[in-house]
Structure formats: C-alpha cells, structure tokens
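Peer 1: Data file structure-v7.cif (mmCIF, C-alpha atoms and all ligand atoms) is appended below.
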data_query
loop_
_atom_site.label_atom_id
_atom_site.label_comp_id
_atom_site.auth_asym_id
_atom_site.auth_seq_id
_atom_site.Cartn_x
_atom_site.Cartn_y
_atom_site.Cartn_z
CA MET A 1471 70.91 79.42 112.37
CA SER A 1472 72.44 81.18 115.38
CA LEU A 1473 70.17 82.19 118.26
CA GLN A 1474 70.86 85.87 117.57
CA LYS A 1475 69.96 85.58 113.89
CA ALA A 1476 66.82 83.54 114.76
CA ILE A 1477 65.66 86.20 117.24
CA ALA A 1478 66.35 89.01 114.78
CA THR A 1479 64.54 87.18 111.98
CA PHE A 1480 61.52 85.71 113.77
CA ILE A 1481 60.81 88.57 116.16
CA PRO A 1482 60.62 91.13 113.34
CA GLN A 1483 61.73 94.67 114.00
CA GLY A 1484 62.03 97.98 112.20
CA VAL A 1485 65.17 100.04 111.84
CA PHE A 1486 65.39 103.45 113.48
CA ILE A 1487 67.84 106.28 114.03
CA ILE A 1488 67.84 107.41 117.67
CA THR A 1489 68.94 111.03 117.84
CA ALA A 1490 69.77 113.40 120.67
CA LYS A 1491 71.11 116.91 121.24
CA ASP A 1492 73.12 118.11 124.21
CA GLY A 1493 73.92 121.81 123.92
CA GLU A 1494 75.68 122.17 120.57
CA LYS A 1495 76.38 118.44 120.26
CA VAL A 1496 74.10 116.35 118.05
CA ASN A 1497 74.35 112.64 117.32
CA GLY A 1498 72.39 109.67 116.10
CA MET A 1499 72.70 105.89 116.14
CA THR A 1500 70.89 103.02 114.47
CA ALA A 1501 68.64 100.88 116.67
CA ALA A 1502 66.41 97.90 116.00
CA TRP A 1503 65.39 97.26 119.61
CA VAL A 1504 62.52 99.73 119.79
CA SER A 1505 58.95 99.08 120.98
CA GLN A 1506 55.77 100.68 122.32
CA VAL A 1507 55.25 99.61 125.96
CA SER A 1508 52.25 101.63 127.25
CA PHE A 1509 49.09 103.32 125.90
CA LYS A 1510 48.57 105.70 128.79
CA PRO A 1511 50.88 107.44 129.01
CA ARG A 1512 52.24 106.82 125.51
CA LEU A 1513 55.57 105.17 126.32
CA LEU A 1514 58.18 103.89 123.89
CA ALA A 1515 61.23 101.86 124.91
CA VAL A 1516 64.67 101.62 123.35
CA ALA A 1517 67.37 99.16 124.39
CA ILE A 1518 70.67 100.98 124.21
CA ALA A 1519 74.15 99.93 125.28
CA PRO A 1520 75.60 102.27 127.92
CA GLN A 1521 78.79 102.85 125.94
CA ARG A 1522 76.94 104.49 123.02
CA TYR A 1523 77.76 108.18 122.60
CA THR A 1524 74.05 108.73 121.90
CA TYR A 1525 73.29 107.51 125.43
CA GLU A 1526 75.59 110.19 126.88
CA LEU A 1527 73.68 112.91 125.02
CA ILE A 1528 70.31 111.44 126.07
CA LYS A 1529 71.36 111.30 129.75
CA ASN A 1530 72.57 114.91 129.64
CA SER A 1531 69.56 116.35 127.79
CA GLY A 1532 66.71 114.12 129.01
CA PHE A 1533 65.30 113.68 125.50
CA PHE A 1534 65.68 111.39 122.49
CA CYS A 1535 64.00 111.08 119.14
CA ILE A 1536 63.10 107.89 117.28
CA ASN A 1537 63.37 108.42 113.50
CA THR A 1538 61.77 105.67 111.39
CA LEU A 1539 63.67 104.60 108.29
CA GLY A 1540 62.05 103.58 105.00
CA GLU A 1541 62.52 100.36 103.06
CA ASN A 1542 65.24 101.83 100.80
CA GLN A 1543 67.31 103.40 103.56
CA THR A 1544 69.65 100.57 104.55
CA GLU A 1545 72.66 102.73 103.67
CA LEU A 1546 71.53 105.43 106.09
CA ALA A 1547 71.18 102.76 108.81
CA LYS A 1548 74.75 101.59 108.10
CA HIS A 1549 76.00 105.17 108.20
CA PHE A 1550 74.61 105.67 111.72
CA GLY A 1551 75.16 102.11 112.93
CA PHE A 1552 78.81 101.24 112.40
CA LYS A 1553 80.74 104.20 113.78
CA SER A 1554 80.51 106.31 116.89
CA GLY A 1555 79.84 110.01 117.24
CA LYS A 1556 82.79 109.95 119.65
CA GLU A 1557 85.02 109.65 116.57
CA VAL A 1558 83.11 111.20 113.66
CA ASN A 1559 80.38 113.77 113.05
CA LYS A 1560 77.72 111.49 111.57
CA PHE A 1561 75.51 114.47 110.79
CA GLU A 1562 77.96 116.00 108.33
CA GLY A 1563 76.11 116.13 105.00
CA ILE A 1564 72.85 114.90 106.54
CA GLU A 1565 69.86 117.24 106.42
CA TYR A 1566 67.81 117.58 109.59
CA LYS A 1567 65.51 119.89 111.53
CA PRO A 1568 64.87 120.17 115.28
CA ALA A 1569 61.88 118.48 116.93
CA LEU A 1570 60.02 120.32 119.73
CA HIS A 1571 62.77 119.74 122.31
CA GLY A 1572 65.65 120.07 119.86
CA CYS A 1573 66.43 116.45 118.95
CA PRO A 1574 67.43 116.09 115.29
CA VAL A 1575 64.76 114.89 112.86
CA LEU A 1576 66.23 113.38 109.70
CA LYS A 1577 64.76 114.91 106.55
CA GLU A 1578 64.69 111.41 105.07
CA ALA A 1579 62.76 109.81 107.99
CA LEU A 1580 59.24 108.47 107.38
CA ALA A 1581 58.12 109.61 110.84
CA TYR A 1582 59.60 110.68 114.15
CA PHE A 1583 58.67 110.39 117.82
CA GLU A 1584 60.48 112.71 120.20
CA CYS A 1585 60.41 111.42 123.78
CA GLU A 1586 61.24 112.68 127.22
CA LEU A 1587 63.36 110.20 129.13
CA VAL A 1588 61.13 109.09 132.03
CA GLY A 1589 62.80 105.88 133.15
CA GLU A 1590 65.73 103.57 132.71
CA CYS A 1591 66.42 100.02 133.77
CA GLU A 1592 69.35 97.66 133.35
CA ALA A 1593 68.85 94.73 130.99
CA GLY A 1594 71.99 92.63 130.71
CA ASP A 1595 74.51 94.47 128.55
CA HIS A 1596 71.91 97.08 127.51
CA LEU A 1597 69.73 99.65 129.27
CA ILE A 1598 66.04 99.97 128.54
CA LEU A 1599 65.22 103.65 128.16
CA LEU A 1600 61.58 104.58 128.63
CA GLY A 1601 60.42 107.64 126.75
CA GLU A 1602 57.11 109.49 126.89
CA VAL A 1603 56.19 110.86 123.48
CA GLN A 1604 56.16 114.68 123.49
CA ASP A 1605 56.22 115.42 119.78
CA TYR A 1606 55.71 113.40 116.61
CA GLU A 1607 55.02 113.79 112.91
CA VAL A 1608 54.45 111.47 109.99
CA LEU A 1609 56.56 112.89 107.18
CA LYS A 1610 56.10 110.25 104.46
CA PRO A 1611 52.77 108.51 105.06
CA ASP A 1612 52.84 106.50 101.83
CA GLU A 1613 56.25 104.87 102.24
CA LYS A 1614 56.87 101.54 103.95
CA PRO A 1615 59.20 101.20 106.98
CA LEU A 1616 62.47 99.32 106.71
CA ILE A 1617 62.24 95.88 108.33
CA PHE A 1618 65.48 94.65 109.90
CA LYS A 1619 67.05 91.79 107.96
CA TRP A 1620 70.16 90.21 109.40
CA GLU A 1621 71.72 89.69 105.96
CA ASP A 1622 71.45 93.41 105.08
CA PHE A 1623 73.84 94.31 107.89
CA PHE A 1624 75.81 91.29 109.02
CA GLY A 1625 76.07 89.03 105.94
CA GLY A 1626 75.10 85.34 105.43
C1 LIG B 1 70.96 97.37 112.17
C2 LIG B 1 71.56 97.83 113.47
C3 LIG B 1 70.78 97.83 114.63
C4 LIG B 1 71.32 98.26 115.85
N1 LIG B 1 70.52 98.26 116.96
C5 LIG B 1 71.02 98.72 118.14
C6 LIG B 1 70.18 98.79 119.29
O1 LIG B 1 68.99 98.47 119.24
N2 LIG B 1 70.74 99.22 120.46
C7 LIG B 1 72.07 99.61 120.54
O2 LIG B 1 72.53 100.01 121.62
N3 LIG B 1 72.87 99.57 119.43
C8 LIG B 1 72.37 99.16 118.25
N4 LIG B 1 73.17 99.15 117.14
C9 LIG B 1 74.58 99.60 117.25
C10 LIG B 1 74.75 101.14 117.23
O3 LIG B 1 73.99 101.72 116.21
C11 LIG B 1 76.26 101.43 117.00
O4 LIG B 1 77.02 100.90 118.05
C12 LIG B 1 76.56 102.92 116.81
O5 LIG B 1 77.83 103.02 116.23
C13 LIG B 1 76.53 103.71 118.11
O6 LIG B 1 76.82 105.05 117.79
P1 LIG B 1 77.16 106.18 118.87
O7 LIG B 1 78.35 105.72 119.70
O8 LIG B 1 77.49 107.39 118.02
O9 LIG B 1 75.94 106.39 119.71
C14 LIG B 1 72.65 98.72 115.91
C15 LIG B 1 73.44 98.73 114.75
C16 LIG B 1 72.90 98.29 113.54
C17 LIG B 1 73.75 98.32 112.30
#
Before we go any further, please render this structure as structure tokens.
Peer 2:
Amino acid sequence: MSLQKAIATFIPQGVFIITAKDGEKVNGMTAAWVSQVSFKPRLLAVAIAPQRYTYELIKNSGFFCINTLGENQTELAKHFGFKSGKEVNKFEGIEYKPALHGCPVLKEALAYFECELVGECEAGDHLILLGEVQDYEVLKPDEKPLIFKWEDFFGG
C-alpha cells in the first residue's frame, strides 16, 4: 500500500465541502484534511492548497464554512472535488442558504461550521487555515458522516 493510501486509510477522516463567498462570487471544494485544534477559542483547521480557487475567496472575504457530508454523498464530494470554480460554476443546480457571514451552506449537509479566518501557516505544498467558529448548525442529527475511503475517489 502506498504511503498516501496508508495515511488516508489509517488516520481516518471525514469528507467536507469548504465554501466561501467573495462579493457575488461563491464557490466550494471538497476537503478531507479538516480538524479541531483548540477548545478555547473554538478553532478548526483546514489544509488547503494555495492554488485552490476557494482559497482566493477565503483570503478576500476572511471567512469559510465547513459543510459536513453524509455517508451517501460521495457523488457530491466528487462534484466539488475534481474541478475548479475557476472553470465552472459548481453551485449551478445546488441548493444552498447563507450562513451568518454569507458563506454557502449546502442544503444537503449534515452540519456546518462557519469560521472567521484567524491564522494561516505554510505546511509543505498546503496552507493550514485556522478558523474560529462564528456560526454553526446541525441540520441532520440522525445521519452519519461520510468517512473518506481512498477507493471511493481514487480507485484500487
Ligand atoms: C476526497 C477529496 C478530498 C480532498 N481534500 C482536499 C484537502 O483537504 N485540501 C485541498 O486543498 N484539496 C483537497 N481536495 C482537492 C480539491 O477539492 C480540488 O482540487 C478542487 O477541485 C478545488 O476546487 P477550487 O479550485 O474550486 O477551490 C480533495 C479532493 C477530493 C476528491
């Protein structure tokens, strides 16, 4: 098994759609590298590559929203995870509402956590964005989150 597949399999992670809004522009991208990193204040971290269009919107607006996907939402993760908002409007046909600071909340999400960007540090080819939770809601308390499985997205 490759190192990357071993990490992804044995350090289990969920699957999330990170959304942001900058003026009239909205976008979202799939992310698995999401974690809580502090109780007080309530900080969440997302590792995001600097070339993502979503990062541009987060930098400009200062906010991002973590939308948690459910166990039957692999297709939604693929929709947001394999093309860039630089080329297509990924929100076409997707229902959403604004969180407190305007970030899109997917109607299909199990829960969301809208964060203010409070810090950023370089981590190899990614950046770790630190977000303080400003708004959240559990939308589907009885459904189970999607757990990232390598095979679901990248084959054998
Ligand atoms: C299952 C899955 C997990 C991903 N996790 C991350 C991640 O944690 N961080 C990241 O920067 N990109 C991650 N990606 C890649 C982005 O979702 C992908 O590059 C996306 O097209 C970026 O869209 P954007 O340019 O519209 O922001 C993941 C993709 C998939 C399919």
Peer 1: Using all atoms listed in the file, which residues have at least one atom no more than 9 Å from ligand LIG 1 (chain B)? Output them as a ChimeraX atom specification.
Peer 2: /A:1484-1489,1497-1504,1516-1527,1544,1547-1560,1596-1597,1618-1620,1622-1624
Peer 1: How big is the axis-aligned box, and where does its centre sit, when it encloses all atoms of range 1505-1514 of chain A listed in the file and has 4 Å added on every side, reported in Å to one decimal as JSON?
Peer 2:
{"center_x": 53.8, "center_y": 103.3, "center_z": 125.0, "size_x": 18.4, "size_y": 16.4, "size_z": 16.0}
Peer 1: Identify, on the basis of all atoms listed in the file, every residue whose closest approach to Lys1567 in chain A does not exceed 8 Å; exclude the query and any residue fewer than 6 positions from it along the same chain; express the result as a list in words.
Peer 2: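 Residues near the query, excluding close chain neighbours: Pro1574, Val1575, Leu1576 and Lys1577 of chain A.
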Peer 1: Would you mind reading off the distance between CA of Glu1586 in chain A and CA of Phe1561 in chain A, one decimal, in Å?
Peer 2: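 CA of Phe1561 in chain A lies at a distance of 21.8 Å from CA of Glu1586 in chain A.
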Peer 1: What lies within 8 Å of Gly1572 in chain A using only C-alpha atoms, ignoring chain neighbours under 4 positions off, as a ChimeraX atom specification?
Peer 2: /A:1490-1491,1568
Peer 1: Since we have the selection now, will you write its residues out, keeping C-alpha atoms, as a compact mmCIF listing (two decimals), keeping the file's coordinate frame?
Peer 2:
# COMPACT_ATOMS: atom_id res chain seq x y z
CA ALA A 1490 69.77 113.40 120.67
CA LYS A 1491 71.11 116.91 121.24
CA PRO A 1568 64.87 120.17 115.28
